[in-house]
Every structure is written in C-alpha cells, then in structure tokens.
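Heads up, upload-v4.txt below (compact mmCIF, N, CA and C atoms):
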# COMPACT_ATOMS: atom_id res chain seq x y z
N MET A 1 1.59 -17.00 -55.59
CA MET A 1 1.37 -15.61 -55.30
C MET A 1 0.83 -15.40 -53.89
N TRP A 2 -0.19 -16.16 -53.49
CA TRP A 2 -0.78 -15.98 -52.16
C TRP A 2 0.21 -16.33 -51.06
N GLY A 3 1.10 -17.29 -51.31
CA GLY A 3 2.10 -17.64 -50.30
C GLY A 3 3.02 -16.47 -50.01
N ARG A 4 3.43 -15.75 -51.05
CA ARG A 4 4.32 -14.59 -50.87
C ARG A 4 3.58 -13.44 -50.18
N VAL A 5 2.36 -13.20 -50.55
CA VAL A 5 1.58 -12.14 -49.92
C VAL A 5 1.39 -12.44 -48.44
N SER A 6 1.08 -13.66 -48.14
CA SER A 6 0.86 -14.03 -46.74
C SER A 6 2.13 -13.85 -45.92
N ARG A 7 3.28 -14.23 -46.49
CA ARG A 7 4.55 -14.05 -45.79
C ARG A 7 4.85 -12.56 -45.58
N ARG A 8 4.61 -11.76 -46.59
CA ARG A 8 4.86 -10.32 -46.46
C ARG A 8 3.96 -9.71 -45.39
N VAL A 9 2.70 -10.09 -45.42
CA VAL A 9 1.77 -9.57 -44.42
C VAL A 9 2.20 -10.01 -43.02
N ALA A 10 2.61 -11.25 -42.89
CA ALA A 10 3.04 -11.78 -41.60
C ALA A 10 4.28 -11.04 -41.09
N VAL A 11 5.25 -10.83 -41.98
CA VAL A 11 6.48 -10.15 -41.59
C VAL A 11 6.19 -8.70 -41.21
N ARG A 12 5.38 -8.03 -41.99
CA ARG A 12 5.03 -6.64 -41.67
C ARG A 12 4.24 -6.57 -40.36
N GLY A 13 3.33 -7.49 -40.17
CA GLY A 13 2.55 -7.52 -38.94
C GLY A 13 3.44 -7.74 -37.73
N TRP A 14 4.40 -8.65 -37.88
CA TRP A 14 5.34 -8.93 -36.79
C TRP A 14 6.17 -7.68 -36.48
N ALA A 15 6.65 -7.01 -37.54
CA ALA A 15 7.46 -5.80 -37.35
C ALA A 15 6.66 -4.69 -36.65
N VAL A 16 5.42 -4.52 -37.05
CA VAL A 16 4.56 -3.51 -36.41
C VAL A 16 4.34 -3.87 -34.95
N ALA A 17 4.10 -5.12 -34.66
CA ALA A 17 3.88 -5.56 -33.28
C ALA A 17 5.13 -5.31 -32.43
N MET A 18 6.32 -5.58 -32.96
CA MET A 18 7.55 -5.37 -32.20
C MET A 18 7.76 -3.88 -31.89
N VAL A 19 7.49 -3.03 -32.85
CA VAL A 19 7.62 -1.59 -32.64
C VAL A 19 6.63 -1.13 -31.58
N ALA A 20 5.41 -1.62 -31.65
CA ALA A 20 4.39 -1.25 -30.66
C ALA A 20 4.78 -1.71 -29.27
N LEU A 21 5.29 -2.93 -29.15
CA LEU A 21 5.70 -3.44 -27.85
C LEU A 21 6.91 -2.69 -27.30
N ALA A 22 7.80 -2.29 -28.16
CA ALA A 22 8.97 -1.53 -27.71
C ALA A 22 8.53 -0.22 -27.07
N GLY A 23 7.46 0.36 -27.55
CA GLY A 23 6.95 1.60 -26.98
C GLY A 23 6.36 1.41 -25.60
N CYS A 24 6.08 0.17 -25.21
CA CYS A 24 5.51 -0.11 -23.89
C CYS A 24 6.58 -0.31 -22.82
N ALA A 25 7.84 -0.40 -23.22
CA ALA A 25 8.92 -0.64 -22.26
C ALA A 25 9.07 0.55 -21.33
N THR A 26 9.42 0.28 -20.08
CA THR A 26 9.67 1.34 -19.11
C THR A 26 11.06 1.16 -18.53
N ASP A 27 11.57 2.21 -17.94
CA ASP A 27 12.84 2.10 -17.24
C ASP A 27 12.63 2.49 -15.80
N GLY A 28 13.38 1.86 -14.92
CA GLY A 28 13.29 2.22 -13.51
C GLY A 28 12.07 1.71 -12.79
N GLY A 29 11.28 0.82 -13.39
CA GLY A 29 10.14 0.24 -12.71
C GLY A 29 8.94 1.14 -12.57
N GLU A 30 8.89 2.23 -13.30
CA GLU A 30 7.75 3.13 -13.20
C GLU A 30 6.59 2.62 -14.04
N THR A 31 5.39 3.01 -13.67
CA THR A 31 4.21 2.66 -14.43
C THR A 31 4.26 3.36 -15.78
N SER A 32 3.96 2.63 -16.84
CA SER A 32 3.99 3.22 -18.17
C SER A 32 3.07 4.42 -18.25
N GLY A 33 3.60 5.53 -18.76
CA GLY A 33 2.80 6.73 -18.91
C GLY A 33 2.75 7.60 -17.67
N ALA A 34 3.12 7.08 -16.53
CA ALA A 34 3.09 7.87 -15.31
C ALA A 34 4.42 8.58 -15.13
N THR A 35 4.37 9.75 -14.56
CA THR A 35 5.60 10.50 -14.33
C THR A 35 5.75 10.80 -12.85
N ALA A 36 6.99 10.94 -12.44
CA ALA A 36 7.26 11.31 -11.05
C ALA A 36 6.90 12.77 -10.85
N GLU A 37 6.46 13.09 -9.66
CA GLU A 37 6.20 14.49 -9.35
C GLU A 37 6.94 14.86 -8.08
N ARG A 38 7.25 16.13 -7.97
CA ARG A 38 7.97 16.64 -6.80
C ARG A 38 7.11 17.67 -6.08
N GLY A 39 7.31 17.72 -4.79
CA GLY A 39 6.59 18.68 -3.97
C GLY A 39 6.81 18.34 -2.51
N LEU A 40 5.95 18.86 -1.66
CA LEU A 40 6.06 18.59 -0.23
C LEU A 40 5.14 17.45 0.17
N ALA A 41 5.64 16.61 1.06
CA ALA A 41 4.82 15.58 1.68
C ALA A 41 4.53 16.02 3.10
N SER A 42 3.37 15.63 3.58
CA SER A 42 3.00 15.83 4.98
C SER A 42 2.47 14.48 5.46
N TYR A 43 2.08 14.42 6.73
CA TYR A 43 1.50 13.16 7.21
C TYR A 43 0.29 13.42 8.08
N TYR A 44 -0.55 12.39 8.17
CA TYR A 44 -1.81 12.47 8.92
C TYR A 44 -1.55 12.62 10.42
N HIS A 45 -2.33 13.46 11.04
CA HIS A 45 -2.31 13.59 12.50
C HIS A 45 -2.95 12.34 13.11
N ASP A 46 -2.53 12.01 14.31
CA ASP A 46 -3.05 10.82 15.00
C ASP A 46 -4.57 10.86 15.19
N ARG A 47 -5.16 12.06 15.22
CA ARG A 47 -6.61 12.15 15.46
C ARG A 47 -7.43 11.51 14.34
N TYR A 48 -6.81 11.24 13.19
CA TYR A 48 -7.53 10.62 12.07
C TYR A 48 -7.56 9.09 12.16
N GLN A 49 -6.87 8.52 13.14
CA GLN A 49 -6.85 7.07 13.29
C GLN A 49 -8.26 6.50 13.32
N GLY A 50 -8.53 5.54 12.44
CA GLY A 50 -9.82 4.88 12.39
C GLY A 50 -10.88 5.57 11.57
N ARG A 51 -10.66 6.81 11.18
CA ARG A 51 -11.65 7.51 10.36
C ARG A 51 -11.66 6.96 8.94
N GLN A 52 -12.81 7.04 8.32
CA GLN A 52 -12.97 6.50 6.97
C GLN A 52 -12.22 7.36 5.95
N THR A 53 -11.48 6.69 5.06
CA THR A 53 -10.79 7.38 3.97
C THR A 53 -11.72 7.46 2.76
N ALA A 54 -11.30 8.16 1.73
CA ALA A 54 -12.12 8.29 0.52
C ALA A 54 -12.36 6.95 -0.17
N SER A 55 -11.47 5.99 0.06
CA SER A 55 -11.66 4.66 -0.55
C SER A 55 -12.64 3.81 0.25
N GLY A 56 -13.02 4.27 1.44
CA GLY A 56 -13.96 3.53 2.27
C GLY A 56 -13.32 2.75 3.39
N GLU A 57 -12.00 2.57 3.34
CA GLU A 57 -11.34 1.83 4.42
C GLU A 57 -10.93 2.78 5.53
N PRO A 58 -10.82 2.29 6.76
CA PRO A 58 -10.43 3.16 7.86
C PRO A 58 -8.94 3.51 7.77
N TYR A 59 -8.60 4.73 8.18
CA TYR A 59 -7.19 5.14 8.22
C TYR A 59 -6.48 4.38 9.33
N ASP A 60 -5.32 3.83 9.00
CA ASP A 60 -4.49 3.09 9.96
C ASP A 60 -3.11 3.73 9.96
N ALA A 61 -2.75 4.37 11.05
CA ALA A 61 -1.47 5.07 11.14
C ALA A 61 -0.27 4.15 10.96
N GLN A 62 -0.47 2.84 11.21
CA GLN A 62 0.64 1.89 11.10
C GLN A 62 0.73 1.22 9.72
N ALA A 63 -0.21 1.49 8.86
CA ALA A 63 -0.17 0.95 7.49
C ALA A 63 0.66 1.88 6.61
N LEU A 64 1.20 1.35 5.55
CA LEU A 64 1.97 2.16 4.60
C LEU A 64 1.02 2.62 3.50
N THR A 65 0.28 3.68 3.81
CA THR A 65 -0.72 4.21 2.89
C THR A 65 -0.54 5.72 2.75
N ALA A 66 -1.28 6.29 1.77
CA ALA A 66 -1.16 7.72 1.52
C ALA A 66 -2.39 8.25 0.79
N ALA A 67 -2.49 9.57 0.80
CA ALA A 67 -3.53 10.27 0.04
C ALA A 67 -2.87 11.01 -1.11
N HIS A 68 -3.51 10.93 -2.28
CA HIS A 68 -3.05 11.65 -3.47
C HIS A 68 -4.28 12.22 -4.15
N ARG A 69 -4.12 13.36 -4.80
CA ARG A 69 -5.27 14.03 -5.41
C ARG A 69 -5.93 13.23 -6.53
N ASN A 70 -5.13 12.58 -7.39
CA ASN A 70 -5.76 11.97 -8.56
C ASN A 70 -5.26 10.59 -8.96
N LEU A 71 -4.25 10.04 -8.32
CA LEU A 71 -3.86 8.67 -8.66
C LEU A 71 -4.96 7.70 -8.24
N PRO A 72 -5.20 6.65 -9.02
CA PRO A 72 -6.25 5.69 -8.65
C PRO A 72 -5.97 5.02 -7.30
N PHE A 73 -7.04 4.70 -6.60
CA PHE A 73 -6.89 3.94 -5.36
C PHE A 73 -6.16 2.64 -5.66
N ASP A 74 -5.38 2.17 -4.71
CA ASP A 74 -4.56 0.97 -4.78
C ASP A 74 -3.32 1.12 -5.65
N THR A 75 -3.07 2.31 -6.19
CA THR A 75 -1.80 2.54 -6.88
C THR A 75 -0.69 2.54 -5.85
N ARG A 76 0.40 1.88 -6.17
CA ARG A 76 1.57 1.90 -5.29
C ARG A 76 2.55 2.92 -5.84
N VAL A 77 3.10 3.71 -4.92
CA VAL A 77 4.07 4.73 -5.31
C VAL A 77 5.29 4.63 -4.40
N ARG A 78 6.44 4.97 -4.98
CA ARG A 78 7.66 5.08 -4.20
C ARG A 78 7.83 6.56 -3.86
N VAL A 79 7.97 6.86 -2.58
CA VAL A 79 8.15 8.23 -2.12
C VAL A 79 9.59 8.35 -1.62
N THR A 80 10.33 9.31 -2.18
CA THR A 80 11.72 9.54 -1.81
C THR A 80 11.84 10.90 -1.13
N ASN A 81 12.37 10.90 0.08
CA ASN A 81 12.64 12.13 0.80
C ASN A 81 13.90 12.74 0.16
N LEU A 82 13.77 13.89 -0.45
CA LEU A 82 14.88 14.50 -1.17
C LEU A 82 15.94 15.10 -0.24
N ASP A 83 15.62 15.25 1.04
CA ASP A 83 16.61 15.74 2.00
C ASP A 83 17.59 14.66 2.43
N ASN A 84 17.12 13.40 2.51
CA ASN A 84 17.99 12.33 3.02
C ASN A 84 18.02 11.07 2.15
N GLU A 85 17.28 11.08 1.04
CA GLU A 85 17.23 9.96 0.08
C GLU A 85 16.58 8.69 0.64
N ARG A 86 15.93 8.76 1.79
CA ARG A 86 15.19 7.60 2.29
C ARG A 86 13.96 7.40 1.41
N GLN A 87 13.57 6.13 1.25
CA GLN A 87 12.43 5.79 0.40
C GLN A 87 11.46 4.88 1.13
N VAL A 88 10.19 4.98 0.72
CA VAL A 88 9.15 4.08 1.22
C VAL A 88 8.15 3.86 0.09
N THR A 89 7.59 2.67 0.04
CA THR A 89 6.53 2.37 -0.92
C THR A 89 5.21 2.37 -0.17
N VAL A 90 4.25 3.14 -0.69
CA VAL A 90 2.93 3.25 -0.06
C VAL A 90 1.84 2.97 -1.08
N ARG A 91 0.65 2.66 -0.56
CA ARG A 91 -0.52 2.41 -1.40
C ARG A 91 -1.49 3.57 -1.24
N ILE A 92 -1.98 4.09 -2.36
CA ILE A 92 -2.92 5.21 -2.31
C ILE A 92 -4.31 4.68 -1.92
N ASN A 93 -4.86 5.25 -0.83
CA ASN A 93 -6.20 4.83 -0.39
C ASN A 93 -7.07 6.02 0.03
N ASP A 94 -6.59 7.23 -0.25
CA ASP A 94 -7.36 8.41 0.17
C ASP A 94 -7.10 9.55 -0.81
N ARG A 95 -7.88 10.61 -0.70
CA ARG A 95 -7.73 11.81 -1.53
C ARG A 95 -7.14 12.93 -0.69
N GLY A 96 -6.36 13.77 -1.32
CA GLY A 96 -5.68 14.88 -0.68
C GLY A 96 -4.26 14.90 -1.18
N PRO A 97 -3.42 15.71 -0.67
CA PRO A 97 -3.67 16.76 0.32
C PRO A 97 -4.35 17.96 -0.32
N PHE A 98 -4.92 18.78 0.52
CA PHE A 98 -5.66 19.94 0.03
C PHE A 98 -4.98 21.25 0.42
N THR A 99 -3.68 21.18 0.64
CA THR A 99 -2.87 22.35 0.94
C THR A 99 -1.96 22.61 -0.25
N GLU A 100 -1.92 23.83 -0.73
CA GLU A 100 -1.12 24.17 -1.91
C GLU A 100 0.35 23.81 -1.70
N GLY A 101 0.95 23.23 -2.73
CA GLY A 101 2.36 22.86 -2.68
C GLY A 101 2.61 21.46 -2.20
N ARG A 102 1.63 20.85 -1.58
CA ARG A 102 1.80 19.47 -1.10
C ARG A 102 1.29 18.50 -2.15
N VAL A 103 2.03 17.40 -2.33
CA VAL A 103 1.66 16.43 -3.36
C VAL A 103 1.16 15.11 -2.79
N ILE A 104 1.44 14.85 -1.51
CA ILE A 104 1.03 13.58 -0.92
C ILE A 104 0.93 13.72 0.60
N ASP A 105 -0.06 13.06 1.19
CA ASP A 105 -0.19 12.94 2.64
C ASP A 105 0.10 11.49 3.00
N LEU A 106 1.01 11.29 3.91
CA LEU A 106 1.47 9.94 4.26
C LEU A 106 0.91 9.49 5.60
N SER A 107 0.82 8.19 5.78
CA SER A 107 0.50 7.64 7.10
C SER A 107 1.69 7.93 8.03
N ARG A 108 1.43 7.85 9.30
CA ARG A 108 2.50 8.11 10.29
C ARG A 108 3.67 7.14 10.09
N ARG A 109 3.38 5.88 9.86
CA ARG A 109 4.45 4.89 9.68
C ARG A 109 5.32 5.23 8.47
N ALA A 110 4.69 5.64 7.36
CA ALA A 110 5.46 6.01 6.17
C ALA A 110 6.32 7.24 6.47
N ALA A 111 5.77 8.21 7.21
CA ALA A 111 6.53 9.41 7.57
C ALA A 111 7.72 9.06 8.46
N GLU A 112 7.54 8.10 9.36
CA GLU A 112 8.65 7.64 10.20
C GLU A 112 9.77 7.07 9.34
N ARG A 113 9.40 6.26 8.36
CA ARG A 113 10.42 5.64 7.50
C ARG A 113 11.19 6.67 6.68
N LEU A 114 10.54 7.79 6.40
CA LEU A 114 11.22 8.86 5.65
C LEU A 114 11.94 9.83 6.59
N ASP A 115 11.83 9.61 7.90
CA ASP A 115 12.46 10.45 8.92
C ASP A 115 12.02 11.91 8.79
N MET A 116 10.69 12.10 8.73
CA MET A 116 10.15 13.46 8.58
C MET A 116 9.19 13.85 9.69
N LEU A 117 9.12 13.06 10.77
CA LEU A 117 8.17 13.36 11.83
C LEU A 117 8.46 14.68 12.54
N ASP A 118 9.72 14.97 12.80
CA ASP A 118 10.06 16.19 13.54
C ASP A 118 9.68 17.45 12.77
N ASP A 119 9.96 17.47 11.47
CA ASP A 119 9.66 18.65 10.66
C ASP A 119 8.20 18.73 10.23
N GLY A 120 7.56 17.58 10.10
CA GLY A 120 6.15 17.55 9.69
C GLY A 120 5.94 17.52 8.18
N THR A 121 6.88 18.06 7.44
CA THR A 121 6.83 18.01 5.98
C THR A 121 8.24 17.72 5.46
N ALA A 122 8.31 17.30 4.22
CA ALA A 122 9.60 17.06 3.58
C ALA A 122 9.45 17.18 2.08
N PRO A 123 10.48 17.66 1.40
CA PRO A 123 10.45 17.66 -0.06
C PRO A 123 10.61 16.24 -0.55
N VAL A 124 9.73 15.82 -1.47
CA VAL A 124 9.73 14.43 -1.93
C VAL A 124 9.58 14.33 -3.44
N ARG A 125 9.92 13.15 -3.93
CA ARG A 125 9.60 12.74 -5.29
C ARG A 125 8.66 11.55 -5.16
N VAL A 126 7.54 11.61 -5.86
CA VAL A 126 6.53 10.53 -5.82
C VAL A 126 6.53 9.86 -7.18
N THR A 127 6.86 8.56 -7.20
CA THR A 127 6.99 7.81 -8.45
C THR A 127 6.01 6.65 -8.46
N PRO A 128 5.01 6.65 -9.35
CA PRO A 128 4.09 5.51 -9.46
C PRO A 128 4.85 4.24 -9.86
N LEU A 129 4.45 3.11 -9.29
CA LEU A 129 5.08 1.82 -9.59
C LEU A 129 4.11 0.93 -10.35
N PRO A 130 4.65 -0.07 -11.06
CA PRO A 130 3.74 -0.97 -11.81
C PRO A 130 2.92 -1.84 -10.89

In structure tokens, how does this file's structure come out?
Amino acid sequence: MWGRVSRRVAVRGWAVAMVALAGCATDGGETSGATAERGLASYYHDRYQGRQTASGEPYDAQALTAAHRNLPFDTRVRVTNLDNERQVTVRINDRGPFTEGRVIDLSRRAAERLDMLDDGTAPVRVTPLP
C-alpha cells in the first residue's frame, strides 16, 4: 500500500512541478513578468557628464546606460527606435525621466546608436531583458 501511495504522490508532485515550471517560460528573451512599454526617449545633455546618478555612479556619456522611473538599477533593457527599428541594450543606473510622456533617458552613446541625436527624442519600445 505505501509503495503505491508514494508513487502516486511522486507522480502528482512531478506533474505539479512541470506545470509550475512551464509558467516560468518566456518568449523573446524578456524578463519574466516584465512587459515592454512604449513612449518617448530622450538623452542626457553633455553638461551632466561626471555628475552622480541616483545609483551613485558618475554619468558617463560614452557608456550604454539609461534612467528609468522604476526599473531596478542594473536592469538591462533593449530600446528600439520605432522610427527606424535600430536597437541598443542599456543598463539602468539612474532615475527619470521626469517629463510627461517620456519613458527613458539615454546616454549620448545609446542615443547615437538609435540615430536620435538630431531630433533629441524618439518613439521607442523599452523591453526588460533577463
């Protein structure tokens, strides 16, 4: 009797574990539970070079970093310029932007990669990465 009960418990436990793990799968390389957001991106003015960010590290215009209102520091996100489909991966190290409609502030280097320096802003999709 105990042998059969143990097998049933083991099989049910395995089945429950497989269902739970299946719920953790992601598609497209996004962080589980995180969703992409759309809005305007802007970039830091050169006058901020070397100033302390909210994470405590100095702003570096040549680093691929960004400010986001609520993603944890060190989160990596893929930013896609919706006008030209160019993409860049940046690391969140600051808070902002504080202008309505904007979802991310990029370093100058990231803005260059998205080809948005002339306009100053661009419509983007921001996708958290694992």

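Atom N of Glu57 in chain A is found 21.5 Å from atom C of Arg78 in chain A.
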
Figure out the distance between atom C of Arg76 in chain A and atom N of Gln62 in chain A, please, to one decimal in Å.
17.3 Å

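The environment of range 105-120 of chain A within 6.5 Å, counting all atoms listed in the file and disregarding residues fewer than 5 places along the same chain, consists of Ala41, Ser42, Tyr43, Tyr44, Asp60, Ala61, Gln62, Ala63, Leu64, Thr65, Ala66, Ala67, His68, Asn81, Arg86, Gln87, Val88, Gly96 and Pro97 of chain A.
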
Output N, CA and C atoms for every residue in the selection just made, as a PDB file, keeping the file's coordinate frame.
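File part-v9.pdb, as written:
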ATOM      1  N   ALA A  41       5.640  16.610   1.060  1.00  0.00           N
ATOM      2  CA  ALA A  41       4.820  15.580   1.680  1.00  0.00           C
ATOM      3  C   ALA A  41       4.530  16.020   3.100  1.00  0.00           C
ATOM      4  N   SER A  42       3.370  15.630   3.580  1.00  0.00           N
ATOM      5  CA  SER A  42       3.000  15.830   4.980  1.00  0.00           C
ATOM      6  C   SER A  42       2.470  14.480   5.460  1.00  0.00           C
ATOM      7  N   TYR A  43       2.080  14.420   6.730  1.00  0.00           N
ATOM      8  CA  TYR A  43       1.500  13.160   7.210  1.00  0.00           C
ATOM      9  C   TYR A  43       0.290  13.420   8.080  1.00  0.00           C
ATOM     10  N   TYR A  44      -0.550  12.390   8.170  1.00  0.00           N
ATOM     11  CA  TYR A  44      -1.810  12.470   8.920  1.00  0.00           C
ATOM     12  C   TYR A  44      -1.550  12.620  10.420  1.00  0.00           C
ATOM     13  N   ASP A  60      -5.320   3.830   9.000  1.00  0.00           N
ATOM     14  CA  ASP A  60      -4.490   3.090   9.960  1.00  0.00           C
ATOM     15  C   ASP A  60      -3.110   3.730   9.960  1.00  0.00           C
ATOM     16  N   ALA A  61      -2.750   4.370  11.050  1.00  0.00           N
ATOM     17  CA  ALA A  61      -1.470   5.070  11.140  1.00  0.00           C
ATOM     18  C   ALA A  61      -0.270   4.150  10.960  1.00  0.00           C
ATOM     19  N   GLN A  62      -0.470   2.840  11.210  1.00  0.00           N
ATOM     20  CA  GLN A  62       0.640   1.890  11.100  1.00  0.00           C
ATOM     21  C   GLN A  62       0.730   1.220   9.720  1.00  0.00           C
ATOM     22  N   ALA A  63      -0.210   1.490   8.860  1.00  0.00           N
ATOM     23  CA  ALA A  63      -0.170   0.950   7.490  1.00  0.00           C
ATOM     24  C   ALA A  63       0.660   1.880   6.610  1.00  0.00           C
ATOM     25  N   LEU A  64       1.200   1.350   5.550  1.00  0.00           N
ATOM     26  CA  LEU A  64       1.970   2.160   4.600  1.00  0.00           C
ATOM     27  C   LEU A  64       1.020   2.620   3.500  1.00  0.00           C
ATOM     28  N   THR A  65       0.280   3.680   3.810  1.00  0.00           N
ATOM     29  CA  THR A  65      -0.720   4.210   2.890  1.00  0.00           C
ATOM     30  C   THR A  65      -0.540   5.720   2.750  1.00  0.00           C
ATOM     31  N   ALA A  66      -1.280   6.290   1.770  1.00  0.00           N
ATOM     32  CA  ALA A  66      -1.160   7.720   1.520  1.00  0.00           C
ATOM     33  C   ALA A  66      -2.390   8.250   0.790  1.00  0.00           C
ATOM     34  N   ALA A  67      -2.490   9.570   0.800  1.00  0.00           N
ATOM     35  CA  ALA A  67      -3.530  10.270   0.040  1.00  0.00           C
ATOM     36  C   ALA A  67      -2.870  11.010  -1.110  1.00  0.00           C
ATOM     37  N   HIS A  68      -3.510  10.930  -2.280  1.00  0.00           N
ATOM     38  CA  HIS A  68      -3.050  11.650  -3.470  1.00  0.00           C
ATOM     39  C   HIS A  68      -4.280  12.220  -4.150  1.00  0.00           C
ATOM     40  N   ASN A  81      12.370  10.900   0.080  1.00  0.00           N
ATOM     41  CA  ASN A  81      12.640  12.130   0.800  1.00  0.00           C
ATOM     42  C   ASN A  81      13.900  12.740   0.160  1.00  0.00           C
ATOM     43  N   ARG A  86      15.930   8.760   1.790  1.00  0.00           N
ATOM     44  CA  ARG A  86      15.190   7.600   2.290  1.00  0.00           C
ATOM     45  C   ARG A  86      13.960   7.400   1.410  1.00  0.00           C
ATOM     46  N   GLN A  87      13.570   6.130   1.250  1.00  0.00           N
ATOM     47  CA  GLN A  87      12.430   5.790   0.400  1.00  0.00           C
ATOM     48  C   GLN A  87      11.460   4.880   1.130  1.00  0.00           C
ATOM     49  N   VAL A  88      10.190   4.980   0.720  1.00  0.00           N
ATOM     50  CA  VAL A  88       9.150   4.080   1.220  1.00  0.00           C
ATOM     51  C   VAL A  88       8.150   3.860   0.090  1.00  0.00           C
ATOM     52  N   GLY A  96      -6.360  13.770  -1.320  1.00  0.00           N
ATOM     53  CA  GLY A  96      -5.680  14.880  -0.680  1.00  0.00           C
ATOM     54  C   GLY A  96      -4.260  14.900  -1.180  1.00  0.00           C
ATOM     55  N   PRO A  97      -3.420  15.710  -0.670  1.00  0.00           N
ATOM     56  CA  PRO A  97      -3.670  16.760   0.320  1.00  0.00           C
ATOM     57  C   PRO A  97      -4.350  17.960  -0.320  1.00  0.00           C
TER      58      PRO A  97
END

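Reported to one decimal place, the separation of atom C of Val90 in chain A from CA of Tyr48 in chain A is 17.9 Å.
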
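Considering only C-alpha atoms, the residue among A:Thr53, A:Pro58, A:Arg91, A:Glu37 positioned nearest to Asp74 in chain A is A:Arg91.
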
Show me, as a PyMOL selection string, the residues that have an atom within 6.5 Å of Val124 in chain A when counting only N, CA and C atoms, minus same-chain residues fewer than 3 positions from it.
chain A and resi 37-41+79-83

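Take the candidates A:Glu85, A:His45, A:Ile92, A:Val77 and check each one against Thr127 in chain A using all atoms listed in the file; the shortest distance goes to A:Val77.
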
Take every atom of range 80-94 of chain A listed in the file, pad by 5 Å on each side, and give me the axis-aligned box centre and edge lengths in Å, one decimal, as JSON.
{"center_x": 5.3, "center_y": 9.1, "center_z": 0.3, "size_x": 35.4, "size_y": 23.4, "size_z": 15.4}

Mind the document's chain letters and residue numbers, and return as a PyMOL selection string the residues of range 29-128 of chain A that DSSP labels strand (DSSP E).
chain A and resi 37-43+65-67+76-81+87-94+102-106+121-128
